[in-house]
file model.cif (mmCIF, C-alpha atoms)
data_input
loop_
_atom_site.group_PDB
_atom_site.id
_atom_site.type_symbol
_atom_site.label_atom_id
_atom_site.label_comp_id
_atom_site.auth_asym_id
_atom_site.auth_seq_id
_atom_site.Cartn_x
_atom_site.Cartn_y
_atom_site.Cartn_z
ATOM 1 C CA MET A 80 -52.549 -184.970 14.590
ATOM 2 C CA GLY A 81 -55.767 -182.955 14.787
ATOM 3 C CA ASP A 82 -56.585 -184.428 18.201
ATOM 4 C CA THR A 83 -53.139 -183.448 19.497
ATOM 5 C CA THR A 84 -53.531 -179.906 18.197
ATOM 6 C CA ASP A 85 -56.994 -179.592 19.704
ATOM 7 C CA ALA A 86 -55.758 -180.908 23.062
ATOM 8 C CA ALA A 87 -52.861 -178.450 23.075
ATOM 9 C CA ALA A 88 -55.227 -175.578 22.288
ATOM 10 C CA ALA A 89 -57.562 -176.635 25.097
ATOM 11 C CA THR A 90 -54.659 -176.850 27.549
ATOM 12 C CA ALA A 91 -53.515 -173.361 26.564
ATOM 13 C CA LEU A 92 -56.944 -172.024 27.480
ATOM 14 C CA VAL A 93 -56.811 -173.325 31.048
ATOM 15 C CA PRO A 94 -56.680 -170.219 33.288
ATOM 16 C CA PRO A 95 -53.313 -169.630 35.010
ATOM 17 C CA MET A 96 -54.992 -169.419 38.427
ATOM 18 C CA THR A 97 -57.915 -170.796 40.407
ATOM 19 C CA LYS A 98 -60.519 -169.005 42.473
ATOM 20 C CA ALA A 99 -58.359 -169.659 45.555
ATOM 21 C CA THR A 100 -55.265 -168.104 43.981
ATOM 22 C CA ASN A 101 -57.119 -165.360 42.099
ATOM 23 C CA LEU A 102 -55.536 -161.937 42.646
ATOM 24 C CA PHE A 103 -58.868 -160.259 43.338
ATOM 25 C CA MET A 104 -59.632 -162.764 46.112
ATOM 26 C CA HIS A 105 -56.467 -161.624 47.899
ATOM 27 C CA ILE A 106 -57.459 -157.975 48.224
ATOM 28 C CA ILE A 107 -57.683 -157.151 51.952
ATOM 29 C CA VAL A 108 -60.118 -154.393 52.903
ATOM 30 C CA ASN A 109 -58.720 -152.503 55.903
ATOM 31 C CA PRO A 110 -60.781 -150.917 58.716
ATOM 32 C CA ASP A 111 -59.924 -147.405 57.483
ATOM 33 C CA GLY A 112 -61.440 -148.114 54.069
ATOM 34 C CA THR A 113 -58.134 -148.568 52.248
ATOM 35 C CA VAL A 114 -57.051 -151.902 50.825
ATOM 36 C CA THR A 115 -53.936 -154.029 50.937
ATOM 37 C CA ARG A 116 -53.276 -155.212 47.412
ATOM 38 C CA PRO A 117 -51.654 -158.493 46.376
ATOM 39 C CA ASP A 118 -48.080 -158.198 45.174
ATOM 40 C CA VAL A 119 -47.782 -158.454 41.410
ATOM 41 C CA PRO A 120 -44.407 -157.996 39.667
ATOM 42 C CA LEU A 121 -43.740 -154.592 38.117
ATOM 43 C CA VAL A 122 -41.243 -153.994 35.339
ATOM 44 C CA PRO A 123 -39.373 -150.810 34.380
ATOM 45 C CA SER A 124 -39.509 -149.165 31.012
ATOM 46 C CA SER A 125 -36.922 -150.406 28.522
ATOM 47 C CA ALA A 126 -34.459 -148.558 26.290
ATOM 48 C CA ASP A 127 -33.710 -151.567 24.090
ATOM 49 C CA GLY A 128 -35.380 -154.556 22.513
ATOM 50 C CA PRO A 129 -37.927 -154.912 19.682
ATOM 51 C CA VAL A 130 -40.143 -152.345 21.458
ATOM 52 C CA VAL A 131 -38.716 -149.517 23.551
ATOM 53 C CA SER A 132 -40.615 -147.722 26.286
ATOM 54 C CA ARG A 133 -40.332 -144.704 28.555
ATOM 55 C CA ASP A 134 -42.459 -143.003 31.210
ATOM 56 C CA VAL A 135 -43.723 -139.430 31.018
ATOM 57 C CA HIS A 136 -45.624 -137.436 33.622
ATOM 58 C CA LEU A 137 -49.280 -136.660 33.047
ATOM 59 C CA ASP A 138 -50.174 -134.923 36.333
ATOM 60 C CA ALA A 139 -47.407 -135.164 38.913
ATOM 61 C CA SER A 140 -49.691 -133.803 41.649
ATOM 62 C CA LEU A 141 -52.003 -136.807 41.168
ATOM 63 C CA GLY A 142 -49.292 -139.370 40.514
ATOM 64 C CA THR A 143 -50.563 -140.088 37.006
ATOM 65 C CA SER A 144 -48.274 -140.856 34.093
ATOM 66 C CA LEU A 145 -48.076 -142.499 30.693
ATOM 67 C CA ARG A 146 -45.789 -145.312 29.608
ATOM 68 C CA LEU A 147 -45.055 -144.862 25.908
ATOM 69 C CA TYR A 148 -44.160 -147.795 23.636
ATOM 70 C CA LEU A 149 -42.447 -147.495 20.249
ATOM 71 C CA PRO A 150 -41.498 -150.322 17.835
ATOM 72 C CA ASN A 151 -37.724 -150.621 17.501
ATOM 73 C CA PRO A 152 -36.791 -150.088 14.790
ATOM 74 C CA VAL A 153 -39.747 -148.077 13.611
ATOM 75 C CA PRO A 154 -41.169 -149.875 10.563
ATOM 76 C CA PRO A 155 -40.103 -148.295 7.260
ATOM 77 C CA SER A 156 -43.226 -146.750 5.837
ATOM 78 C CA PRO A 157 -44.233 -143.472 4.252
ATOM 79 C CA ALA A 158 -47.082 -143.240 6.781
ATOM 80 C CA LYS A 159 -46.583 -142.415 10.441
ATOM 81 C CA LEU A 160 -47.842 -144.702 13.200
ATOM 82 C CA PRO A 161 -51.303 -144.504 14.762
ATOM 83 C CA VAL A 162 -51.382 -143.595 18.452
ATOM 84 C CA ILE A 163 -53.296 -145.885 20.817
ATOM 85 C CA LEU A 164 -54.113 -144.615 24.293
ATOM 86 C CA TYR A 165 -54.483 -147.690 26.534
ATOM 87 C CA PHE A 166 -56.083 -148.205 29.965
ATOM 88 C CA HIS A 167 -55.163 -151.370 31.894
ATOM 89 C CA GLY A 168 -57.586 -153.544 33.839
ATOM 90 C CA GLY A 169 -57.743 -154.606 37.469
ATOM 91 C CA GLY A 170 -61.293 -153.824 38.522
ATOM 92 C CA PHE A 171 -60.330 -150.164 39.176
ATOM 93 C CA VAL A 172 -58.630 -151.442 42.369
ATOM 94 C CA ILE A 173 -55.358 -153.220 41.545
ATOM 95 C CA LEU A 174 -52.574 -153.411 38.934
ATOM 96 C CA SER A 175 -50.605 -150.812 37.016
ATOM 97 C CA ALA A 176 -49.316 -149.817 33.629
ATOM 98 C CA ALA A 177 -46.028 -151.340 34.850
ATOM 99 C CA THR A 178 -47.583 -154.690 35.840
ATOM 100 C CA VAL A 179 -45.552 -157.342 34.061
ATOM 101 C CA PHE A 180 -48.368 -158.788 31.949
ATOM 102 C CA TYR A 181 -49.855 -155.415 30.943
ATOM 103 C CA HIS A 182 -46.398 -154.130 30.036
ATOM 104 C CA GLY A 183 -45.847 -157.252 27.951
ATOM 105 C CA TYR A 184 -49.191 -156.901 26.218
ATOM 106 C CA CYS A 185 -48.547 -153.252 25.306
ATOM 107 C CA GLU A 186 -45.169 -154.221 23.865
ATOM 108 C CA ALA A 187 -46.845 -156.918 21.775
ATOM 109 C CA MET A 188 -49.569 -154.559 20.555
ATOM 110 C CA ALA A 189 -47.101 -151.805 19.640
ATOM 111 C CA ALA A 190 -45.143 -154.272 17.512
ATOM 112 C CA ALA A 191 -48.138 -156.042 15.968
ATOM 113 C CA VAL A 192 -50.314 -153.133 14.836
ATOM 114 C CA PRO A 193 -47.737 -151.353 14.619
ATOM 115 C CA ALA A 194 -48.470 -148.265 16.721
ATOM 116 C CA ILE A 195 -47.255 -145.919 19.378
ATOM 117 C CA VAL A 196 -49.007 -147.057 22.562
ATOM 118 C CA ALA A 197 -49.484 -144.771 25.579
ATOM 119 C CA SER A 198 -50.529 -146.759 28.660
ATOM 120 C CA LEU A 199 -52.032 -144.734 31.505
ATOM 121 C CA GLU A 200 -51.004 -145.050 35.154
ATOM 122 C CA TYR A 201 -54.201 -143.877 36.853
ATOM 123 C CA ARG A 202 -55.527 -143.539 40.394
ATOM 124 C CA LEU A 203 -57.056 -146.616 41.981
ATOM 125 C CA ALA A 204 -60.103 -147.181 44.168
ATOM 126 C CA PRO A 205 -61.111 -147.231 46.959
ATOM 127 C CA GLU A 206 -58.633 -144.510 47.920
ATOM 128 C CA HIS A 207 -59.827 -142.738 44.766
ATOM 129 C CA ARG A 208 -63.298 -143.977 43.894
ATOM 130 C CA LEU A 209 -64.933 -143.413 40.559
ATOM 131 C CA PRO A 210 -65.053 -141.013 38.817
ATOM 132 C CA ALA A 211 -61.361 -140.430 39.656
ATOM 133 C CA ALA A 212 -60.196 -142.972 37.051
ATOM 134 C CA TYR A 213 -62.502 -141.332 34.481
ATOM 135 C CA ASP A 214 -60.972 -137.941 35.291
ATOM 136 C CA ASP A 215 -57.503 -139.393 34.695
ATOM 137 C CA ALA A 216 -58.634 -141.057 31.463
ATOM 138 C CA ALA A 217 -60.115 -137.816 30.147
ATOM 139 C CA ALA A 218 -56.885 -136.021 31.083
ATOM 140 C CA ALA A 219 -54.968 -138.620 29.068
ATOM 141 C CA VAL A 220 -57.197 -137.940 26.057
ATOM 142 C CA ARG A 221 -56.478 -134.211 26.420
ATOM 143 C CA TRP A 222 -52.751 -135.087 26.512
ATOM 144 C CA LEU A 223 -53.131 -136.108 22.885
ATOM 145 C CA ARG A 224 -53.735 -132.406 22.190
ATOM 146 C CA ASP A 225 -51.709 -130.721 24.924
ATOM 147 C CA GLY A 226 -48.656 -132.948 25.392
ATOM 148 C CA ALA A 227 -48.284 -135.459 22.594
ATOM 149 C CA PRO A 228 -47.372 -132.960 19.833
ATOM 150 C CA GLU A 229 -44.212 -132.025 21.771
ATOM 151 C CA ASP A 230 -43.246 -135.592 22.686
ATOM 152 C CA PRO A 231 -40.180 -136.568 20.611
ATOM 153 C CA TRP A 232 -41.452 -140.064 19.748
ATOM 154 C CA VAL A 233 -44.896 -138.844 18.752
ATOM 155 C CA ALA A 234 -43.541 -135.849 16.860
ATOM 156 C CA ALA A 235 -41.143 -138.002 14.858
ATOM 157 C CA HIS A 236 -43.219 -141.132 14.315
ATOM 158 C CA GLY A 237 -46.860 -140.625 15.351
ATOM 159 C CA ASP A 238 -49.907 -139.638 13.339
ATOM 160 C CA LEU A 239 -52.025 -137.631 15.765
ATOM 161 C CA SER A 240 -54.842 -137.469 13.243
ATOM 162 C CA CYS A 241 -55.177 -141.233 13.753
ATOM 163 C CA CYS A 242 -55.638 -141.761 17.513
ATOM 164 C CA PHE A 243 -57.608 -144.491 19.259
ATOM 165 C CA VAL A 244 -58.682 -144.952 22.876
ATOM 166 C CA MET A 245 -58.501 -148.545 24.109
ATOM 167 C CA GLY A 246 -58.963 -150.304 27.405
ATOM 168 C CA SER A 247 -59.252 -153.803 28.819
ATOM 169 C CA SER A 248 -61.840 -154.850 31.439
ATOM 170 C CA SER A 249 -62.127 -151.893 33.830
ATOM 171 C CA GLY A 250 -59.942 -150.071 31.309
ATOM 172 C CA GLY A 251 -62.542 -150.849 28.653
ATOM 173 C CA ASN A 252 -65.163 -149.246 30.875
ATOM 174 C CA MET A 253 -62.832 -146.242 31.235
ATOM 175 C CA ALA A 254 -62.292 -146.002 27.487
ATOM 176 C CA PHE A 255 -66.056 -145.778 26.976
ATOM 177 C CA PHE A 256 -66.486 -143.059 29.597
ATOM 178 C CA ALA A 257 -63.421 -141.193 28.299
ATOM 179 C CA GLY A 258 -65.143 -141.184 24.921
ATOM 180 C CA VAL A 259 -68.381 -139.895 26.456
ATOM 181 C CA ARG A 260 -66.583 -137.142 28.357
ATOM 182 C CA THR A 261 -64.458 -135.901 25.465
ATOM 183 C CA LYS A 262 -66.627 -136.558 22.382
ATOM 184 C CA GLY A 263 -67.316 -132.865 21.731
ATOM 185 C CA LEU A 264 -63.830 -131.655 22.606
ATOM 186 C CA ASP A 265 -61.561 -130.017 20.044
ATOM 187 C CA LEU A 266 -58.383 -132.091 20.274
ATOM 188 C CA SER A 267 -56.617 -130.698 17.208
ATOM 189 C CA PRO A 268 -54.058 -131.511 15.988
ATOM 190 C CA ALA A 269 -55.155 -134.870 17.397
ATOM 191 C CA ALA A 270 -58.328 -136.728 16.455
ATOM 192 C CA VAL A 271 -59.798 -139.809 18.153
ATOM 193 C CA ARG A 272 -60.975 -142.059 15.334
ATOM 194 C CA GLY A 273 -62.353 -144.906 17.423
ATOM 195 C CA LEU A 274 -62.812 -146.602 20.783
ATOM 196 C CA LEU A 275 -61.515 -150.139 21.344
ATOM 197 C CA LEU A 276 -63.403 -151.707 24.239
ATOM 198 C CA HIS A 277 -61.892 -155.057 25.145
ATOM 199 C CA GLN A 278 -64.037 -157.168 27.516
ATOM 200 C CA PRO A 279 -65.443 -153.951 29.091
ATOM 201 C CA TYR A 280 -66.138 -154.299 32.804
ATOM 202 C CA LEU A 281 -69.875 -153.780 33.322
ATOM 203 C CA GLY A 282 -72.423 -154.964 35.866
ATOM 204 C CA GLY A 283 -75.867 -154.600 37.344
ATOM 205 C CA VAL A 284 -77.938 -155.528 40.359
ATOM 206 C CA GLU A 285 -79.810 -158.306 38.559
ATOM 207 C CA ARG A 286 -77.485 -161.152 37.556
ATOM 208 C CA THR A 287 -77.099 -162.152 33.939
ATOM 209 C CA PRO A 288 -76.860 -165.892 33.203
ATOM 210 C CA SER A 289 -73.099 -165.688 32.611
ATOM 211 C CA GLU A 290 -72.637 -163.864 35.923
ATOM 212 C CA ALA A 291 -74.895 -166.261 37.813
ATOM 213 C CA LYS A 292 -72.743 -169.249 36.884
ATOM 214 C CA SER A 293 -69.413 -167.536 37.675
ATOM 215 C CA GLU A 294 -69.215 -168.271 41.412
ATOM 216 C CA ASP A 295 -66.101 -170.402 40.910
ATOM 217 C CA ASP A 296 -64.726 -168.670 37.820
ATOM 218 C CA ALA A 297 -60.947 -168.697 37.959
ATOM 219 C CA MET A 298 -60.385 -165.204 36.555
ATOM 220 C CA LEU A 299 -63.409 -163.220 37.746
ATOM 221 C CA PRO A 300 -65.308 -165.099 40.480
ATOM 222 C CA LEU A 301 -68.657 -163.629 41.440
ATOM 223 C CA GLU A 302 -67.568 -162.721 44.984
ATOM 224 C CA ALA A 303 -64.581 -160.792 43.663
ATOM 225 C CA ASN A 304 -66.737 -159.088 41.035
ATOM 226 C CA ASP A 305 -69.095 -157.794 43.728
ATOM 227 C CA THR A 306 -66.202 -156.717 45.955
ATOM 228 C CA LEU A 307 -64.539 -154.735 43.169
ATOM 229 C CA TRP A 308 -67.704 -152.785 42.405
ATOM 230 C CA SER A 309 -68.281 -152.086 46.127
ATOM 231 C CA LEU A 310 -64.786 -150.608 46.311
ATOM 232 C CA ALA A 311 -64.913 -148.676 43.037
ATOM 233 C CA LEU A 312 -68.376 -147.099 42.903
ATOM 234 C CA PRO A 313 -69.231 -143.915 44.788
ATOM 235 C CA VAL A 314 -70.124 -144.600 48.415
ATOM 236 C CA GLY A 315 -73.750 -145.668 48.664
ATOM 237 C CA ALA A 316 -74.146 -146.514 44.956
ATOM 238 C CA ASP A 317 -75.337 -149.927 43.812
ATOM 239 C CA ARG A 318 -74.447 -151.826 40.651
ATOM 240 C CA ASP A 319 -77.197 -150.110 38.663
ATOM 241 C CA HIS A 320 -75.235 -146.857 38.855
ATOM 242 C CA ASP A 321 -74.437 -145.525 35.392
ATOM 243 C CA PHE A 322 -70.695 -146.134 35.932
ATOM 244 C CA CYS A 323 -71.451 -149.853 36.235
ATOM 245 C CA ASN A 324 -74.629 -150.305 34.189
ATOM 246 C CA PRO A 325 -74.689 -147.584 31.525
ATOM 247 C CA ALA A 326 -77.192 -149.508 29.397
ATOM 248 C CA LYS A 327 -79.732 -149.092 32.211
ATOM 249 C CA ALA A 328 -78.782 -145.825 33.892
ATOM 250 C CA LEU A 329 -76.883 -143.564 31.489
ATOM 251 C CA PRO A 330 -79.015 -140.929 29.719
ATOM 252 C CA PRO A 331 -79.535 -142.090 26.122
ATOM 253 C CA ASP A 332 -77.955 -139.033 24.502
ATOM 254 C CA GLU A 333 -74.649 -139.571 26.349
ATOM 255 C CA ALA A 334 -73.604 -142.221 23.823
ATOM 256 C CA THR A 335 -74.870 -140.344 20.769
ATOM 257 C CA GLY A 336 -72.026 -138.983 18.685
ATOM 258 C CA LEU A 337 -69.354 -141.435 19.855
ATOM 259 C CA PRO A 338 -66.810 -142.528 17.244
ATOM 260 C CA ARG A 339 -66.951 -146.054 15.870
ATOM 261 C CA CYS A 340 -66.320 -148.762 18.452
ATOM 262 C CA LEU A 341 -64.645 -152.151 18.418
ATOM 263 C CA VAL A 342 -65.992 -154.394 21.193
ATOM 264 C CA THR A 343 -64.060 -157.610 21.784
ATOM 265 C CA GLY A 344 -64.761 -160.398 24.232
ATOM 266 C CA HIS A 345 -64.508 -164.111 25.045
ATOM 267 C CA ASP A 346 -67.198 -166.760 25.277
ATOM 268 C CA ALA A 347 -66.246 -167.990 28.779
ATOM 269 C CA ASP A 348 -66.021 -164.526 30.326
ATOM 270 C CA PRO A 349 -68.595 -163.906 33.103
ATOM 271 C CA LEU A 350 -69.055 -160.448 31.566
ATOM 272 C CA ILE A 351 -70.006 -161.688 28.086
ATOM 273 C CA ASP A 352 -73.779 -161.205 28.551
ATOM 274 C CA ARG A 353 -73.241 -157.608 29.691
ATOM 275 C CA GLN A 354 -70.999 -156.975 26.721
ATOM 276 C CA MET A 355 -73.589 -158.268 24.271
ATOM 277 C CA GLU A 356 -76.282 -156.117 25.894
ATOM 278 C CA PHE A 357 -73.944 -153.127 25.740
ATOM 279 C CA ILE A 358 -73.313 -153.609 22.024
ATOM 280 C CA GLY A 359 -77.051 -153.558 21.348
ATOM 281 C CA TRP A 360 -77.475 -150.461 23.500
ATOM 282 C CA LEU A 361 -74.729 -148.631 21.572
ATOM 283 C CA GLN A 362 -76.185 -149.611 18.232
ATOM 284 C CA GLU A 363 -79.638 -148.391 19.262
ATOM 285 C CA ARG A 364 -78.056 -144.990 19.836
ATOM 286 C CA GLY A 365 -76.570 -144.842 16.367
ATOM 287 C CA VAL A 366 -73.011 -145.824 17.291
ATOM 288 C CA GLU A 367 -71.172 -147.867 14.650
ATOM 289 C CA VAL A 368 -69.993 -151.036 16.410
ATOM 290 C CA VAL A 369 -67.668 -153.766 15.174
ATOM 291 C CA ASP A 370 -68.639 -156.835 17.227
ATOM 292 C CA LYS A 371 -65.787 -159.272 17.899
ATOM 293 C CA THR A 372 -67.184 -161.058 20.952
ATOM 294 C CA GLU A 373 -66.975 -164.535 19.448
ATOM 295 C CA PHE A 374 -63.420 -165.278 20.613
ATOM 296 C CA LYS A 375 -62.827 -168.468 22.607
ATOM 297 C CA GLY A 376 -61.315 -168.095 26.053
ATOM 298 C CA TYR A 377 -61.632 -166.679 29.539
ATOM 299 C CA HIS A 378 -61.475 -163.145 30.881
ATOM 300 C CA ALA A 379 -58.038 -161.568 30.207
ATOM 301 C CA VAL A 380 -56.748 -164.660 28.384
ATOM 302 C CA GLU A 381 -54.669 -162.461 26.070
ATOM 303 C CA LEU A 382 -52.410 -161.547 28.991
ATOM 304 C CA PHE A 383 -51.337 -165.160 29.490
ATOM 305 C CA VAL A 384 -51.661 -166.938 26.119
ATOM 306 C CA PRO A 385 -49.560 -165.371 23.329
ATOM 307 C CA GLU A 386 -51.770 -166.809 20.590
ATOM 308 C CA LYS A 387 -54.791 -165.062 22.104
ATOM 309 C CA ALA A 388 -52.834 -161.787 22.279
ATOM 310 C CA ASP A 389 -52.065 -162.263 18.577
ATOM 311 C CA GLU A 390 -55.781 -162.804 17.900
ATOM 312 C CA LEU A 391 -56.753 -159.628 19.750
ATOM 313 C CA ASN A 392 -53.994 -157.610 18.112
ATOM 314 C CA ALA A 393 -55.137 -158.784 14.691
ATOM 315 C CA ALA A 394 -58.621 -157.423 15.476
ATOM 316 C CA VAL A 395 -57.094 -154.161 16.696
ATOM 317 C CA ARG A 396 -54.965 -153.855 13.566
ATOM 318 C CA GLU A 397 -57.936 -154.574 11.289
ATOM 319 C CA PHE A 398 -60.035 -151.923 13.047
ATOM 320 C CA VAL A 399 -57.260 -149.314 12.923
ATOM 321 C CA VAL A 400 -56.349 -150.004 9.296
ATOM 322 C CA ALA A 401 -60.003 -149.984 8.225
ATOM 323 C CA ASP A 402 -60.272 -146.426 9.475
ATOM 324 C CA ASP A 403 -57.781 -145.362 6.806
ATOM 325 C CA ALA A 404 -59.352 -147.419 4.048
#
call {"tool": "encode", "arguments": {"input": "model.cif", "output": "structure tokens"}}
result
Amino acid sequence: MGDTTDAAAATALVPPMTKATNLFMHIIVNPDGTVTRPDVPLVPSSADGPVVSRDVHLDASLGTSLRLYLPNPVPPSPAKLPVILYFHGGGFVILSAATVFYHGYCEAMAAAVPAIVASLEYRLAPEHRLPAAYDDAAAAVRWLRDGAPEDPWVAAHGDLSCCFVMGSSSGGNMAFFAGVRTKGLDLSPAAVRGLLLHQPYLGGVERTPSEAKSEDDAMLPLEANDTLWSLALPVGADRDHDFCNPAKALPPDEATGLPRCLVTGHDADPLIDRQMEFIGWLQERGVEVVDKTEFKGYHAVELFVPEKADELNAAVREFVVADDA
């Protein structure tokens, strides 16, 4: 029985794609510097089901918006729900808050924590290279002060004194830089109590061991990794730019004063060495870090394996609840 269970678990952790079918490998860079992106299903917001969702404008002139998620029904509790601002992944270049697997993950997180989740639709590179996504992320943090108090779902069910900024992969990178950019900002009545950095997308010119062996990685092959950074970073920048390699290039005081951080990751992720280095760098600057990088699996496994989404959401819930303890 144990062998059967172990075999089933191993099968579940087989990536849903290969290097040849990887979405990032199907990005076409056009002569004018734009890209043609692979088609990935998008889903609309939903007015029914165990989690309801709706879209609200952030900055119509930039095409940015937030997709809000609310458990349905709202759990009976004397306390209101925490608010989690979420940034999706995609190497800064592809995908959307409405991408089917990110929409599904946000629904699962809203139900599991439980929380109100606000997932950001932000501008993509290379049409809008970094720091455009950071600008949009910082604007979303300011929305917690300027827009969220008037939102009917947040006003009725959200605790703005208990906000968290979370992102996955490139979104994890964005969550860190959103924290850096807004750490001294008065957000009242909102307060950001922590950053949740899931498998943050980081890099550098010199390869780490986990990067060096990722040439044929199914989820983040080395060629795609390099291409994404070349499309996302400012023109002329290399991978030791502070947007990519903050542990090497960001001034030390930039991280000082950040709220407590949860850093999560998976052992077979090509980024795991960077994430471990990043945790040490944060801790050296006095940031309180909860290290949950021991999970088994590949990059973005939680988007495709429900049990791994449950595992991540349990870590998120523990981090959020501990803040109120």
call {"tool": "residues_around", "arguments": {"input": "model.cif", "residues": "Ser156 (chain A)", "least_positions_apart": "2", "cutoff": "12 Å", "atoms": "all atoms listed in the file", "output": "list of chain:residue names"}}
result
A:Pro152, A:Val153, A:Pro154, A:Ala158, A:Lys159, A:Leu160, A:Pro193, A:His236, A:Gly237
call {"tool": "atom_distance", "arguments": {"input": "model.cif", "atom1": "CA of Gly246 (chain A)", "atom2": "CA of His277 (chain A)"}}
result
6.0 Å
call {"tool": "closest_atom_pairs", "arguments": {"input": "model.cif", "of": "region 291-377 of chain A", "to": "region 200-212 of chain A", "cutoff": "9 Å", "atoms": "all atoms listed in the file", "output": "Markdown table"}}
result
| residue | atom | partner | partner_atom | distance |
| --- | --- | --- | --- | --- |
| A:Leu307 | CA | A:Ala204 | CA | 8.8 |
| A:Ser309 | CA | A:Pro205 | CA | 8.7 |
| A:Leu310 | CA | A:Pro205 | CA | 5.0 |
| A:Ala311 | CA | A:Arg208 | CA | 5.0 |
| A:Leu312 | CA | A:Leu209 | CA | 5.6 |
| A:Pro313 | CA | A:Arg208 | CA | 6.0 |
| A:Val314 | CA | A:Arg208 | CA | 8.2 |
| A:Phe322 | CA | A:Leu209 | CA | 7.9 |
call {"tool": "closest_residue", "arguments": {"input": "model.cif", "among": "A:Ala219, A:Glu186, A:Val119, A:Tyr181", "to": "His136 (chain A)", "atoms": "only C-alpha atoms"}}
result
A:Ala219
call {"tool": "resolve_selection", "arguments": {"input": "model.cif", "expression": "the PyMOL selection byres ((chain A and resi 372) around 10)", "output": "ChimeraX atom specification"}}
result
/A:277-278,341-346,351,354-355,358,369-371,373-375
call {"tool": "axis_aligned_box", "arguments": {"input": "model.cif", "around": "region 351-358 of chain A", "padding_each_side": "8 Å", "output": "JSON"}}
result
{"center_x": -73.1, "center_y": -157.4, "center_z": 25.9, "size_x": 22.3, "size_y": 24.6, "size_z": 23.7}
call {"tool": "atom_distance", "arguments": {"input": "model.cif", "atom1": "CA of Glu390 (chain A)", "atom2": "CA of Leu350 (chain A)"}}
result
19.2 Å
call {"tool": "resolve_selection", "arguments": {"input": "model.cif", "expression": "the PyMOL selection byres ((chain A and resi 400) around 12)", "output": "ChimeraX atom specification"}}
result
/A:158,160-161,192-194,241-243,272-273,392-399,401-404
call {"tool": "atom_distance", "arguments": {"input": "model.cif", "atom1": "CA of Ser198 (chain A)", "atom2": "CA of Tyr165 (chain A)"}}
result
4.6 Å
call {"tool": "closest_residue", "arguments": {"input": "model.cif", "among": "A:Ile106, A:Val130, A:Leu149, A:Gly250", "to": "Ala379 (chain A)", "atoms": "all atoms listed in the file"}}
result
A:Gly250
call {"tool": "resolve_selection", "arguments": {"input": "model.cif", "expression": "the PyMOL selection byres ((chain A and resi 321) around 12)", "output": "list of chain:residue names"}}
result
A:Leu209, A:Pro210, A:Asn252, A:Phe255, A:Phe256, A:Leu281, A:Gly282, A:Gly283, A:Val284, A:Leu312, A:Pro313, A:Ala316, A:Asp317, A:Arg318, A:Asp319, A:His320, A:Phe322, A:Cys323, A:Asn324, A:Pro325, A:Ala326, A:Lys327, A:Ala328, A:Leu329, A:Pro330, A:Pro331, A:Glu333
call {"tool": "residues_around", "arguments": {"input": "model.cif", "residues": "Ser247 (chain A)", "least_positions_apart": "4", "cutoff": "7 Å", "atoms": "all atoms listed in the file", "output": "list of chain:residue names"}}
result
A:Phe166, A:His167, A:Gly168, A:Gly251, A:Leu276, A:His277, A:Gln278, A:Pro279
call {"tool": "closest_residue", "arguments": {"input": "model.cif", "among": "A:Gly142, A:Gly263, A:Gly169, A:Pro228", "to": "Ser240 (chain A)", "atoms": "all atoms listed in the file"}}
result
A:Pro228
call {"tool": "closest_residue", "arguments": {"input": "model.cif", "among": "A:Met298, A:Asp352, A:Arg339, A:Val366", "to": "Pro94 (chain A)", "atoms": "only C-alpha atoms"}}
result
A:Met298
call {"tool": "residues_around", "arguments": {"input": "model.cif", "residues": "Leu239 (chain A)", "least_positions_apart": "6", "cutoff": "8 Å", "atoms": "all atoms listed in the file", "output": "PyMOL selection string"}}
result
chain A and resi 161-162+223+228+233+268-270
call {"tool": "closest_residue", "arguments": {"input": "model.cif", "among": "A:Thr115, A:Val220, A:Tyr184, A:Asp265", "to": "Pro385 (chain A)", "atoms": "all atoms listed in the file"}}
result
A:Tyr184
call {"tool": "residues_around", "arguments": {"input": "model.cif", "residues": "region 260-262 of chain A", "least_positions_apart": "5", "cutoff": "10 Å", "atoms": "only C-alpha atoms", "output": "PyMOL selection string"}}
result
chain A and resi 213-214+216-218+220-221+254-255+271+333-338
call {"tool": "closest_residue", "arguments": {"input": "model.cif", "among": "A:Leu137, A:Cys340, A:Leu275, A:Val114", "to": "Ser248 (chain A)", "atoms": "only C-alpha atoms"}}
result
A:Leu275
call {"tool": "build_atoms", "arguments": {"input": "model.cif", "residues": "region 144-150 of chain A", "atoms": "N, CA and C atoms", "output": "tab-separated table (two decimals), in the frame of the given file"}}
result
chain	number	residue	atom	x	y	z
A	144	SER	N	-49.33	-140.89	35.10
A	144	SER	CA	-48.27	-140.86	34.09
A	144	SER	C	-48.68	-141.72	32.92
A	145	LEU	N	-47.87	-141.68	31.88
A	145	LEU	CA	-48.08	-142.50	30.69
A	145	LEU	C	-46.80	-143.26	30.40
A	146	ARG	N	-46.93	-144.55	30.10
A	146	ARG	CA	-45.79	-145.31	29.61
A	146	ARG	C	-45.95	-145.43	28.10
A	147	LEU	N	-45.01	-144.86	27.37
A	147	LEU	CA	-45.06	-144.86	25.91
A	147	LEU	C	-44.26	-146.04	25.36
A	148	TYR	N	-44.79	-146.65	24.30
A	148	TYR	CA	-44.16	-147.79	23.64
A	148	TYR	C	-43.97	-147.46	22.16
A	149	LEU	N	-42.78	-147.79	21.65
A	149	LEU	CA	-42.45	-147.50	20.25
A	149	LEU	C	-41.75	-148.70	19.64
A	150	PRO	N	-42.21	-149.22	18.49
A	150	PRO	CA	-41.50	-150.32	17.84
A	150	PRO	C	-40.06	-149.92	17.54
